[in-house]
file work.pdb (PDB, C-alpha atoms, pLDDT in the B column)
ATOM      1  CA  MET Z   1      23.749  -4.999  16.363  1.00 40.00           C
ATOM      2  CA  SER Z   2      21.285  -5.956  13.617  1.00 43.00           C
ATOM      3  CA  LYS Z   3      22.600  -7.184  10.298  1.00 48.00           C
ATOM      4  CA  THR Z   4      21.762  -5.151   7.218  1.00 48.00           C
ATOM      5  CA  PRO Z   5      19.900  -7.382   4.760  1.00 55.00           C
ATOM      6  CA  SER Z   6      21.434  -8.117   1.387  1.00 67.00           C
ATOM      7  CA  LEU Z   7      19.417  -6.554  -1.407  1.00 75.00           C
ATOM      8  CA  PRO Z   8      17.517  -9.001  -3.617  1.00 80.00           C
ATOM      9  CA  SER Z   9      19.602 -10.282  -6.499  1.00 76.00           C
ATOM     10  CA  LEU Z  10      18.492  -9.124  -9.921  1.00 72.00           C
ATOM     11  CA  ASP Z  11      18.609 -12.687 -11.188  1.00 71.00           C
ATOM     12  CA  ARG Z  12      15.628 -13.460  -8.939  1.00 76.00           C
ATOM     13  CA  LEU Z  13      13.437 -11.286 -11.130  1.00 89.00           C
ATOM     14  CA  PRO Z  14      11.588 -12.202 -14.301  1.00 91.00           C
ATOM     15  CA  PRO Z  15      12.948 -10.359 -17.379  1.00 91.00           C
ATOM     16  CA  PRO Z  16      11.359  -6.973 -18.186  1.00 92.00           C
ATOM     17  CA  ALA Z  17       9.173  -8.456 -20.910  1.00 92.00           C
ATOM     18  CA  ARG Z  18       7.546 -10.716 -18.313  1.00 95.00           C
ATOM     19  CA  ALA Z  19       7.719  -8.552 -15.172  1.00 96.00           C
ATOM     20  CA  ALA Z  20       4.951  -6.515 -13.549  1.00 98.00           C
ATOM     21  CA  PHE Z  21       5.687  -4.227 -10.615  1.00 98.00           C
ATOM     22  CA  LEU Z  22       3.004  -3.709  -7.951  1.00 98.00           C
ATOM     23  CA  LEU Z  23       4.281  -1.387  -5.255  1.00 98.00           C
ATOM     24  CA  ASP Z  24       3.027  -0.111  -1.919  1.00 98.00           C
ATOM     25  CA  PHE Z  25       3.349   3.625  -1.334  1.00 98.00           C
ATOM     26  CA  ASP Z  26       3.791   4.639   2.330  1.00 96.00           C
ATOM     27  CA  GLY Z  27       6.864   3.087   3.907  1.00 96.00           C
ATOM     28  CA  THR Z  28       7.907   1.577   0.580  1.00 98.00           C
ATOM     29  CA  LEU Z  29       8.167   4.199  -2.155  1.00 98.00           C
ATOM     30  CA  VAL Z  30       8.166   7.051   0.373  1.00 98.00           C
ATOM     31  CA  ASP Z  31       9.339   7.312   3.955  1.00 97.00           C
ATOM     32  CA  ILE Z  32       6.768   7.128   6.729  1.00 92.00           C
ATOM     33  CA  ALA Z  33       5.756  10.622   7.862  1.00 90.00           C
ATOM     34  CA  PRO Z  34       3.981  11.878  11.003  1.00 85.00           C
ATOM     35  CA  THR Z  35       0.768  12.388   8.999  1.00 84.00           C
ATOM     36  CA  PRO Z  36      -0.417  11.068   5.609  1.00 83.00           C
ATOM     37  CA  GLU Z  37      -0.367  14.600   4.182  1.00 88.00           C
ATOM     38  CA  SER Z  38       3.237  15.290   5.143  1.00 93.00           C
ATOM     39  CA  VAL Z  39       4.966  12.543   3.142  1.00 95.00           C
ATOM     40  CA  VAL Z  40       7.655  13.683   0.739  1.00 97.00           C
ATOM     41  CA  VAL Z  41       8.272  12.146  -2.669  1.00 98.00           C
ATOM     42  CA  ALA Z  42      12.032  11.855  -2.994  1.00 98.00           C
ATOM     43  CA  PRO Z  43      13.705  13.721  -5.871  1.00 97.00           C
ATOM     44  CA  GLY Z  44      14.040  11.489  -8.905  1.00 97.00           C
ATOM     45  CA  LEU Z  45      11.488   8.904  -7.773  1.00 98.00           C
ATOM     46  CA  ARG Z  46       8.853   9.882 -10.333  1.00 98.00           C
ATOM     47  CA  ASP Z  47      11.415   9.711 -13.144  1.00 97.00           C
ATOM     48  CA  THR Z  48      12.647   6.332 -11.896  1.00 97.00           C
ATOM     49  CA  LEU Z  49       9.118   4.930 -11.899  1.00 98.00           C
ATOM     50  CA  ARG Z  50       8.387   6.290 -15.360  1.00 98.00           C
ATOM     51  CA  ARG Z  51      11.560   4.673 -16.735  1.00 96.00           C
ATOM     52  CA  LEU Z  52      10.707   1.397 -15.042  1.00 97.00           C
ATOM     53  CA  ARG Z  53       7.174   1.553 -16.428  1.00 97.00           C
ATOM     54  CA  ASP Z  54       8.550   2.064 -19.943  1.00 96.00           C
ATOM     55  CA  LYS Z  55      10.990  -0.797 -19.480  1.00 95.00           C
ATOM     56  CA  CYS Z  56       8.175  -3.164 -18.446  1.00 96.00           C
ATOM     57  CA  GLY Z  57       5.659  -2.224 -21.103  1.00 97.00           C
ATOM     58  CA  ASN Z  58       3.538  -0.094 -18.743  1.00 98.00           C
ATOM     59  CA  ALA Z  59       3.107  -2.935 -16.213  1.00 98.00           C
ATOM     60  CA  LEU Z  60       3.624  -0.808 -13.117  1.00 98.00           C
ATOM     61  CA  ALA Z  61       0.964  -0.276 -10.460  1.00 98.00           C
ATOM     62  CA  VAL Z  62       0.693   1.262  -7.018  1.00 98.00           C
ATOM     63  CA  ILE Z  63      -1.275  -0.797  -4.478  1.00 98.00           C
ATOM     64  CA  SER Z  64      -2.023   1.436  -1.491  1.00 96.00           C
ATOM     65  CA  GLY Z  65      -4.238   1.848   1.495  1.00 90.00           C
ATOM     66  CA  ARG Z  66      -4.693   5.471   0.451  1.00 92.00           C
ATOM     67  CA  PRO Z  67      -7.527   6.663  -1.787  1.00 92.00           C
ATOM     68  CA  ILE Z  68      -6.573   6.710  -5.457  1.00 96.00           C
ATOM     69  CA  GLU Z  69      -6.924  10.498  -5.509  1.00 96.00           C
ATOM     70  CA  GLN Z  70      -4.022  10.821  -3.057  1.00 96.00           C
ATOM     71  CA  ILE Z  71      -1.762   8.618  -5.162  1.00 98.00           C
ATOM     72  CA  ASP Z  72      -2.649  10.784  -8.165  1.00 98.00           C
ATOM     73  CA  HIS Z  73      -1.614  13.827  -6.127  1.00 97.00           C
ATOM     74  CA  PHE Z  74       1.788  12.451  -5.126  1.00 98.00           C
ATOM     75  CA  LEU Z  75       2.536  10.466  -8.309  1.00 98.00           C
ATOM     76  CA  PRO Z  76       0.639  12.216 -11.111  1.00 97.00           C
ATOM     77  CA  ASP Z  77       0.589  10.227 -14.364  1.00 95.00           C
ATOM     78  CA  VAL Z  78       3.203   7.787 -13.026  1.00 98.00           C
ATOM     79  CA  PRO Z  79       1.677   4.333 -12.380  1.00 98.00           C
ATOM     80  CA  TYR Z  80      -0.345   2.729 -15.161  1.00 98.00           C
ATOM     81  CA  ALA Z  81      -2.812   1.171 -12.693  1.00 98.00           C
ATOM     82  CA  VAL Z  82      -3.695   2.155  -9.138  1.00 98.00           C
ATOM     83  CA  ALA Z  83      -5.497   0.205  -6.436  1.00 97.00           C
ATOM     84  CA  GLY Z  84      -6.558   2.304  -3.460  1.00 95.00           C
ATOM     85  CA  GLU Z  85      -8.049   1.572  -0.063  1.00 89.00           C
ATOM     86  CA  HIS Z  86      -6.491  -1.908  -0.056  1.00 88.00           C
ATOM     87  CA  GLY Z  87      -8.261  -2.889  -3.261  1.00 91.00           C
ATOM     88  CA  ILE Z  88     -11.660  -1.379  -2.579  1.00 89.00           C
ATOM     89  CA  ALA Z  89     -11.077   1.041  -5.469  1.00 94.00           C
ATOM     90  CA  ILE Z  90      -9.165   0.086  -8.640  1.00 97.00           C
ATOM     91  CA  ARG Z  91      -8.339   2.022 -11.791  1.00 98.00           C
ATOM     92  CA  HIS Z  92      -6.900  -0.409 -14.319  1.00 98.00           C
ATOM     93  CA  ALA Z  93      -5.489   2.150 -16.753  1.00 98.00           C
ATOM     94  CA  PRO Z  94      -4.962   5.908 -17.105  1.00 97.00           C
ATOM     95  CA  GLY Z  95      -8.204   7.698 -17.889  1.00 94.00           C
ATOM     96  CA  GLN Z  96     -10.403   4.739 -17.075  1.00 96.00           C
ATOM     97  CA  PRO Z  97     -13.158   5.028 -14.449  1.00 96.00           C
ATOM     98  CA  ILE Z  98     -12.462   3.868 -10.916  1.00 96.00           C
ATOM     99  CA  GLU Z  99     -14.138   0.568 -10.085  1.00 94.00           C
ATOM    100  CA  ARG Z 100     -15.410   0.308  -6.523  1.00 90.00           C
ATOM    101  CA  ALA Z 101     -16.448  -2.840  -4.696  1.00 85.00           C
ATOM    102  CA  ALA Z 102     -19.977  -2.937  -3.265  1.00 81.00           C
ATOM    103  CA  LEU Z 103     -19.437  -2.609   0.466  1.00 81.00           C
ATOM    104  CA  PRO Z 104     -21.440  -2.147   3.652  1.00 82.00           C
ATOM    105  CA  PRO Z 105     -21.684   1.409   5.009  1.00 84.00           C
ATOM    106  CA  VAL Z 106     -19.594   2.375   8.010  1.00 87.00           C
ATOM    107  CA  PRO Z 107     -21.909   2.802  11.041  1.00 89.00           C
ATOM    108  CA  LYS Z 108     -22.398   6.448  11.938  1.00 89.00           C
ATOM    109  CA  ALA Z 109     -21.953   5.569  15.612  1.00 91.00           C
ATOM    110  CA  TRP Z 110     -18.349   4.528  14.928  1.00 92.00           C
ATOM    111  CA  MET Z 111     -17.584   7.869  13.359  1.00 89.00           C
ATOM    112  CA  GLU Z 112     -19.054   9.736  16.296  1.00 91.00           C
ATOM    113  CA  GLU Z 113     -17.269   7.633  18.899  1.00 92.00           C
ATOM    114  CA  ALA Z 114     -13.986   7.898  16.993  1.00 92.00           C
ATOM    115  CA  GLU Z 115     -14.150  11.690  17.155  1.00 91.00           C
ATOM    116  CA  ARG Z 116     -14.785  11.499  20.907  1.00 91.00           C
ATOM    117  CA  LEU Z 117     -11.785   9.197  21.290  1.00 89.00           C
ATOM    118  CA  ALA Z 118      -9.559  11.636  19.406  1.00 91.00           C
ATOM    119  CA  LYS Z 119     -10.595  14.442  21.757  1.00 91.00           C
ATOM    120  CA  ALA Z 120     -10.017  12.250  24.819  1.00 90.00           C
ATOM    121  CA  HIS Z 121      -6.551  11.176  23.636  1.00 92.00           C
ATOM    122  CA  PRO Z 122      -4.554  14.162  22.320  1.00 93.00           C
ATOM    123  CA  GLY Z 123      -2.348  12.989  19.472  1.00 93.00           C
ATOM    124  CA  VAL Z 124      -4.803  10.397  18.186  1.00 94.00           C
ATOM    125  CA  ARG Z 125      -5.830  11.088  14.586  1.00 93.00           C
ATOM    126  CA  ILE Z 126      -8.897   9.721  12.823  1.00 92.00           C
ATOM    127  CA  GLU Z 127      -8.655   9.079   9.085  1.00 89.00           C
ATOM    128  CA  HIS Z 128     -12.028   8.674   7.421  1.00 85.00           C
ATOM    129  CA  LYS Z 129     -12.262   6.516   4.315  1.00 79.00           C
ATOM    130  CA  LYS Z 130     -15.205   5.812   2.056  1.00 74.00           C
ATOM    131  CA  ALA Z 131     -15.440   2.240   3.309  1.00 77.00           C
ATOM    132  CA  GLY Z 132     -13.821   2.372   6.738  1.00 84.00           C
ATOM    133  CA  LEU Z 133     -11.711   4.398   9.104  1.00 90.00           C
ATOM    134  CA  VAL Z 134      -8.252   4.372  10.626  1.00 91.00           C
ATOM    135  CA  LEU Z 135      -7.341   5.122  14.235  1.00 94.00           C
ATOM    136  CA  HIS Z 136      -3.806   6.554  14.135  1.00 93.00           C
ATOM    137  CA  TYR Z 137      -1.984   6.657  17.473  1.00 94.00           C
ATOM    138  CA  ARG Z 138       1.548   7.580  16.385  1.00 90.00           C
ATOM    139  CA  GLY Z 139       1.069  10.843  18.279  1.00 91.00           C
ATOM    140  CA  ALA Z 140      -0.256   9.034  21.377  1.00 93.00           C
ATOM    141  CA  PRO Z 141       1.420   5.590  21.607  1.00 94.00           C
ATOM    142  CA  ASP Z 142      -0.025   4.802  25.034  1.00 94.00           C
ATOM    143  CA  ALA Z 143      -3.543   4.942  23.582  1.00 93.00           C
ATOM    144  CA  GLY Z 144      -2.861   2.123  21.110  1.00 94.00           C
ATOM    145  CA  PRO Z 145      -4.079  -0.853  23.189  1.00 94.00           C
ATOM    146  CA  ALA Z 146      -7.295   0.893  24.269  1.00 93.00           C
ATOM    147  CA  LEU Z 147      -8.077   1.927  20.692  1.00 94.00           C
ATOM    148  CA  GLY Z 148      -7.489  -1.632  19.525  1.00 94.00           C
ATOM    149  CA  ARG Z 149      -9.933  -3.015  22.061  1.00 94.00           C
ATOM    150  CA  ILE Z 150     -12.594  -0.509  21.040  1.00 94.00           C
ATOM    151  CA  ALA Z 151     -12.097  -1.313  17.362  1.00 95.00           C
ATOM    152  CA  ASP Z 152     -12.444  -5.030  18.116  1.00 94.00           C
ATOM    153  CA  GLU Z 153     -15.708  -4.370  19.938  1.00 94.00           C
ATOM    154  CA  TRP Z 154     -17.083  -2.458  16.971  1.00 94.00           C
ATOM    155  CA  VAL Z 155     -16.379  -5.159  14.399  1.00 92.00           C
ATOM    156  CA  LYS Z 156     -17.646  -8.020  16.577  1.00 92.00           C
ATOM    157  CA  ALA Z 157     -21.121  -6.558  16.289  1.00 88.00           C
ATOM    158  CA  THR Z 158     -21.021  -6.701  12.459  1.00 89.00           C
ATOM    159  CA  SER Z 159     -21.078 -10.506  12.159  1.00 85.00           C
ATOM    160  CA  GLY Z 160     -17.962 -10.543  10.011  1.00 85.00           C
ATOM    161  CA  ALA Z 161     -18.814  -7.662   7.684  1.00 87.00           C
ATOM    162  CA  PHE Z 162     -15.788  -5.672   8.928  1.00 91.00           C
ATOM    163  CA  HIS Z 163     -12.454  -6.561  10.447  1.00 88.00           C
ATOM    164  CA  VAL Z 164      -9.609  -4.784  12.221  1.00 91.00           C
ATOM    165  CA  GLN Z 165      -6.211  -4.687  10.534  1.00 85.00           C
ATOM    166  CA  ALA Z 166      -3.110  -3.743  12.507  1.00 87.00           C
ATOM    167  CA  ALA Z 167      -0.933  -1.205  10.709  1.00 84.00           C
ATOM    168  CA  LYS Z 168       2.057   0.933  11.703  1.00 82.00           C
ATOM    169  CA  MET Z 169       0.914   2.785  14.835  1.00 90.00           C
ATOM    170  CA  ALA Z 170      -2.693   2.491  13.683  1.00 92.00           C
ATOM    171  CA  TRP Z 171      -5.771   0.276  13.660  1.00 94.00           C
ATOM    172  CA  GLU Z 172      -7.613   0.147  10.373  1.00 90.00           C
ATOM    173  CA  ILE Z 173     -11.248  -0.933  10.261  1.00 91.00           C
ATOM    174  CA  ARG Z 174     -12.353  -2.033   6.814  1.00 84.00           C
ATOM    175  CA  PRO Z 175     -14.720  -4.421   5.062  1.00 85.00           C
ATOM    176  CA  ALA Z 176     -13.809  -8.094   5.201  1.00 82.00           C
ATOM    177  CA  GLY Z 177     -12.816  -9.946   2.054  1.00 77.00           C
ATOM    178  CA  ILE Z 178     -11.071  -7.020   0.351  1.00 81.00           C
ATOM    179  CA  ASP Z 179      -7.313  -6.690   0.812  1.00 89.00           C
ATOM    180  CA  LYS Z 180      -4.118  -6.097  -1.145  1.00 94.00           C
ATOM    181  CA  GLY Z 181      -4.111  -9.714  -2.274  1.00 94.00           C
ATOM    182  CA  HIS Z 182      -7.477  -9.090  -3.905  1.00 91.00           C
ATOM    183  CA  ALA Z 183      -6.019  -5.955  -5.483  1.00 95.00           C
ATOM    184  CA  VAL Z 184      -3.019  -7.811  -6.917  1.00 97.00           C
ATOM    185  CA  GLU Z 185      -5.225 -10.511  -8.409  1.00 96.00           C
ATOM    186  CA  ALA Z 186      -7.590  -7.947  -9.934  1.00 96.00           C
ATOM    187  CA  VAL Z 187      -4.842  -5.806 -11.473  1.00 98.00           C
ATOM    188  CA  MET Z 188      -3.049  -8.840 -12.897  1.00 98.00           C
ATOM    189  CA  LYS Z 189      -6.136  -9.850 -14.892  1.00 97.00           C
ATOM    190  CA  SER Z 190      -5.979  -6.831 -17.215  1.00 96.00           C
ATOM    191  CA  ALA Z 191      -3.491  -5.746 -19.887  1.00 97.00           C
ATOM    192  CA  PRO Z 192      -0.622  -4.961 -19.739  1.00 98.00           C
ATOM    193  CA  PHE Z 193      -0.275  -6.989 -16.520  1.00 98.00           C
ATOM    194  CA  ALA Z 194      -2.027 -10.176 -17.684  1.00 98.00           C
ATOM    195  CA  GLY Z 195       0.380 -12.991 -18.455  1.00 97.00           C
ATOM    196  CA  ARG Z 196       3.262 -11.363 -16.570  1.00 98.00           C
ATOM    197  CA  LEU Z 197       4.845 -12.325 -13.250  1.00 97.00           C
ATOM    198  CA  PRO Z 198       4.096  -9.900 -10.394  1.00 98.00           C
ATOM    199  CA  ILE Z 199       6.787  -8.350  -8.223  1.00 97.00           C
ATOM    200  CA  PHE Z 200       5.061  -6.984  -5.125  1.00 98.00           C
ATOM    201  CA  VAL Z 201       6.913  -4.850  -2.582  1.00 98.00           C
ATOM    202  CA  GLY Z 202       5.535  -3.549   0.719  1.00 97.00           C
ATOM    203  CA  ASP Z 203       6.495  -2.835   4.286  1.00 96.00           C
ATOM    204  CA  ASP Z 204       3.539  -3.570   6.513  1.00 90.00           C
ATOM    205  CA  VAL Z 205       1.261  -6.314   7.786  1.00 88.00           C
ATOM    206  CA  THR Z 206      -1.353  -5.062   5.327  1.00 87.00           C
ATOM    207  CA  ASP Z 207       1.069  -5.849   2.477  1.00 95.00           C
ATOM    208  CA  GLU Z 208       1.464  -9.529   3.333  1.00 94.00           C
ATOM    209  CA  ASP Z 209      -1.728 -10.411   1.444  1.00 93.00           C
ATOM    210  CA  GLY Z 210      -0.243  -8.778  -1.650  1.00 96.00           C
ATOM    211  CA  MET Z 211       3.012 -10.692  -1.264  1.00 97.00           C
ATOM    212  CA  ARG Z 212       1.184 -14.001  -0.947  1.00 96.00           C
ATOM    213  CA  ALA Z 213      -0.930 -13.229  -4.011  1.00 97.00           C
ATOM    214  CA  ALA Z 214       2.159 -12.351  -6.054  1.00 97.00           C
ATOM    215  CA  VAL Z 215       3.860 -15.618  -5.111  1.00 96.00           C
ATOM    216  CA  SER Z 216       0.710 -17.624  -5.885  1.00 97.00           C
ATOM    217  CA  LEU Z 217       0.735 -16.097  -9.382  1.00 97.00           C
ATOM    218  CA  GLY Z 218       4.320 -17.217  -9.961  1.00 96.00           C
ATOM    219  CA  GLY Z 219       5.963 -13.950  -8.970  1.00 96.00           C
ATOM    220  CA  VAL Z 220       7.827 -12.717  -5.892  1.00 95.00           C
ATOM    221  CA  GLY Z 221       7.093 -10.647  -2.825  1.00 96.00           C
ATOM    222  CA  PHE Z 222       9.590  -8.452  -0.998  1.00 96.00           C
ATOM    223  CA  ARG Z 223       9.221  -6.653   2.317  1.00 96.00           C
ATOM    224  CA  ILE Z 224      10.948  -3.741   3.985  1.00 97.00           C
ATOM    225  CA  PRO Z 225      12.983  -4.202   6.204  1.00 95.00           C
ATOM    226  CA  ASN Z 226      13.422  -7.942   5.571  1.00 94.00           C
ATOM    227  CA  ASP Z 227      14.655  -7.537   1.985  1.00 94.00           C
ATOM    228  CA  PHE Z 228      15.532  -3.828   1.906  1.00 96.00           C
ATOM    229  CA  PRO Z 229      16.668  -1.943   5.032  1.00 96.00           C
ATOM    230  CA  ASP Z 230      14.499   1.091   4.311  1.00 97.00           C
ATOM    231  CA  PRO Z 231      12.611   2.918   1.547  1.00 98.00           C
ATOM    232  CA  ALA Z 232      15.753   4.772   0.476  1.00 97.00           C
ATOM    233  CA  ALA Z 233      17.519   1.476  -0.260  1.00 96.00           C
ATOM    234  CA  PHE Z 234      14.481   0.265  -2.168  1.00 97.00           C
ATOM    235  CA  ARG Z 235      14.354   3.452  -4.233  1.00 97.00           C
ATOM    236  CA  ALA Z 236      18.044   3.021  -5.096  1.00 95.00           C
ATOM    237  CA  TRP Z 237      17.377  -0.582  -6.158  1.00 94.00           C
ATOM    238  CA  LEU Z 238      14.485   0.555  -8.360  1.00 95.00           C
ATOM    239  CA  ALA Z 239      16.729   3.177  -9.947  1.00 94.00           C
ATOM    240  CA  GLN Z 240      19.234   0.437 -10.736  1.00 91.00           C
ATOM    241  CA  LEU Z 241      16.523  -1.593 -12.450  1.00 92.00           C
ATOM    242  CA  ALA Z 242      15.172   1.392 -14.349  1.00 94.00           C
ATOM    243  CA  GLN Z 243      18.641   2.230 -15.640  1.00 88.00           C
ATOM    244  CA  GLY Z 244      19.248  -1.283 -16.874  1.00 77.00           C
ATOM    245  CA  GLY Z 245      20.743  -2.820 -13.739  1.00 52.00           C
ATOM    246  CA  ASP Z 246      24.165  -4.383 -13.689  1.00 44.00           C
ATOM    247  CA  GLY Z 247      23.553  -6.589 -16.691  1.00 47.00           C
ATOM    248  CA  ALA Z 248      21.855  -9.349 -14.692  1.00 48.00           C
ATOM    249  CA  TRP Z 249      18.387  -7.909 -15.303  1.00 65.00           C
ATOM    250  CA  GLY Z 250      17.304  -6.887 -18.750  1.00 57.00           C
ATOM    251  CA  GLY Z 251      20.755  -7.187 -20.176  1.00 47.00           C
TER     252      GLY Z 251
END
call {"tool": "encode", "arguments": {"input": "work.pdb", "output": "structure tokens"}}
result
Amino acid sequence: MSKTPSLPSLDRLPPPARAAFLLDFDGTLVDIAPTPESVVVAPGLRDTLRRLRDKCGNALAVISGRPIEQIDHFLPDVPYAVAGEHGIAIRHAPGQPIERAALPPVPKAWMEEAERLAKAHPGVRIEHKKAGLVLHYRGAPDAGPALGRIADEWVKATSGAFHVQAAKMAWEIRPAGIDKGHAVEAVMKSAPFAGRLPIFVGDDVTDEDGMRAAVSLGGVGFRIPNDFPDPAAFRAWLAQLAQGGDGAWGG
């Protein structure tokens, strides 16, 4: 029987006046769903995030693999800053333009072969992004190894311009050199994040870069399920912070 992890102590956190929250979305703020479109934002989460943002002087960001437009759909007017596509696209403040990194185009041949793979493996889903693509095999687990080998073959021919990132029941192909660590560093350079200590929370291999960046900047990184058993426990912990905690944080 696995042991349920103890939730992080509030005294491990910088005080609200010095804290900046940078949070993953899927598997962290919301539960993993069969498809990206079918996630559900839990009741009260938006209000919790707004209260936490107010408590920390607006220093709350979402750092996601999703496009920024999808975060805006699920969390309208909630985070102050949003980094999408693992840092490829960043909006530093509400109403500001989205900054996009200059990246190589995704070869058309990959797109075409990916569609053929999806037809050959029922349950495989292809997610197209502006600077890459994701091969989801949650609906066809047995196809995972074969898809991974094909993705590796694709990126080998790019001389390092792209790389394959393992995700939950998926292989993501994206430009090299841009990750959630890059996103954390970029967001933390602008007000109201600059000068604060980042608290990054994620759940996946793709979030480890963000955790390392947060620690290198003097902050902390937490991961589900190592530090929180599941997103529901993390949401409850956030609600505790937003409401003032137990006196150990922001008291």
call {"tool": "residues_around", "arguments": {"input": "work.pdb", "residues": "Z:Lys130", "least_positions_apart": "3", "cutoff": "12 Å", "atoms": "only C-alpha atoms", "output": "JSON, numbers by chain"}}
result
{"Z": [65, 66, 67, 68, 84, 85, 86, 88, 89, 100, 101, 102, 103, 104, 105, 106, 107, 111, 127, 133, 134, 173, 174, 175]}
call {"tool": "residues_around", "arguments": {"input": "work.pdb", "residues": "Z:Phe200", "least_positions_apart": "4", "cutoff": "6 Å", "atoms": "only C-alpha atoms", "output": "MDAnalysis selection string"}}
result
chainID Z and resid 22:23 211 221
call {"tool": "write_last_selection", "arguments": {"input": "work.pdb", "atoms": "C-alpha atoms", "output": "PDB file, in the frame of the given file"}}
result
ATOM      1  CA  LEU Z  22       3.004  -3.709  -7.951  1.00 98.00           C
ATOM      2  CA  LEU Z  23       4.281  -1.387  -5.255  1.00 98.00           C
ATOM      3  CA  MET Z 211       3.012 -10.692  -1.264  1.00 97.00           C
ATOM      4  CA  GLY Z 221       7.093 -10.647  -2.825  1.00 96.00           C
TER       5      GLY Z 221
END
call {"tool": "closest_residue", "arguments": {"input": "work.pdb", "among": "Z:Ala59, Z:Ile178, Z:Gly160, Z:Phe21", "to": "Z:Ala194", "atoms": "all atoms listed in the file"}}
result
Z:Ala59
call {"tool": "resolve_selection", "arguments": {"input": "work.pdb", "expression": "the PyMOL selection byres ((chain Z and resi 28) around 8)", "output": "count of residues only"}}
result
15
call {"tool": "closest_residue", "arguments": {"input": "work.pdb", "among": "Z:Pro94, Z:Pro198, Z:Gly219, Z:Pro122", "to": "Z:Pro76", "atoms": "all atoms listed in the file"}}
result
Z:Pro94
call {"tool": "atom_distance", "arguments": {"input": "work.pdb", "atom1": "atom CA of Z:Ile71", "atom2": "atom CA of Z:Ala83"}}
result
9.3 Å
call {"tool": "atom_distance", "arguments": {"input": "work.pdb", "atom1": "atom CA of Z:Val62", "atom2": "atom CA of Z:Pro79"}}
result
6.3 Å
call {"tool": "closest_residue", "arguments": {"input": "work.pdb", "among": "Z:His136, Z:Lys189, Z:Arg50, Z:Lys180", "to": "Z:Asp209", "atoms": "only C-alpha atoms"}}
result
Z:Lys180
call {"tool": "decode", "arguments": {"input": "work.pdb", "residues": "stretch 201-205 of chain Z", "atoms": "all heavy atoms", "output": "mmCIF file, in the first residue's frame"}}
result
data_model
loop_
_atom_site.group_PDB
_atom_site.id
_atom_site.type_symbol
_atom_site.label_atom_id
_atom_site.label_comp_id
_atom_site.auth_asym_id
_atom_site.auth_seq_id
_atom_site.Cartn_x
_atom_site.Cartn_y
_atom_site.Cartn_z
ATOM 1 N N VAL Z 201 4.467 24.554 -9.570
ATOM 2 C CA VAL Z 201 3.824 23.274 -9.278
ATOM 3 C C VAL Z 201 3.399 22.622 -10.586
ATOM 4 O O VAL Z 201 2.769 23.265 -11.433
ATOM 5 C CB VAL Z 201 2.598 23.443 -8.350
ATOM 6 C CG1 VAL Z 201 2.061 22.069 -7.918
ATOM 7 C CG2 VAL Z 201 2.956 24.264 -7.115
ATOM 8 N N GLY Z 202 3.754 21.351 -10.755
ATOM 9 C CA GLY Z 202 3.386 20.599 -11.950
ATOM 10 C C GLY Z 202 3.208 19.129 -11.629
ATOM 11 O O GLY Z 202 3.292 18.712 -10.467
ATOM 12 N N ASP Z 203 2.990 18.341 -12.660
ATOM 13 C CA ASP Z 203 2.725 16.925 -12.423
ATOM 14 C C ASP Z 203 3.432 15.997 -13.396
ATOM 15 O O ASP Z 203 3.305 14.775 -13.295
ATOM 16 C CB ASP Z 203 1.214 16.661 -12.534
ATOM 17 C CG ASP Z 203 0.731 16.677 -13.983
ATOM 18 O OD1 ASP Z 203 1.009 17.671 -14.682
ATOM 19 O OD2 ASP Z 203 0.108 15.692 -14.424
ATOM 20 N N ASP Z 204 4.162 16.531 -14.344
ATOM 21 C CA ASP Z 204 4.629 15.726 -15.452
ATOM 22 C C ASP Z 204 6.121 15.913 -15.669
ATOM 23 O O ASP Z 204 6.732 16.838 -15.128
ATOM 24 C CB ASP Z 204 3.861 16.136 -16.724
ATOM 25 C CG ASP Z 204 3.811 15.035 -17.765
ATOM 26 O OD1 ASP Z 204 4.554 14.043 -17.640
ATOM 27 O OD2 ASP Z 204 3.023 15.172 -18.714
ATOM 28 N N VAL Z 205 6.680 15.041 -16.514
ATOM 29 C CA VAL Z 205 8.091 15.180 -16.884
ATOM 30 C C VAL Z 205 8.353 16.556 -17.486
ATOM 31 O O VAL Z 205 9.398 17.168 -17.243
ATOM 32 C CB VAL Z 205 8.493 14.073 -17.883
ATOM 33 C CG1 VAL Z 205 9.905 14.281 -18.391
ATOM 34 C CG2 VAL Z 205 8.373 12.702 -17.230
#
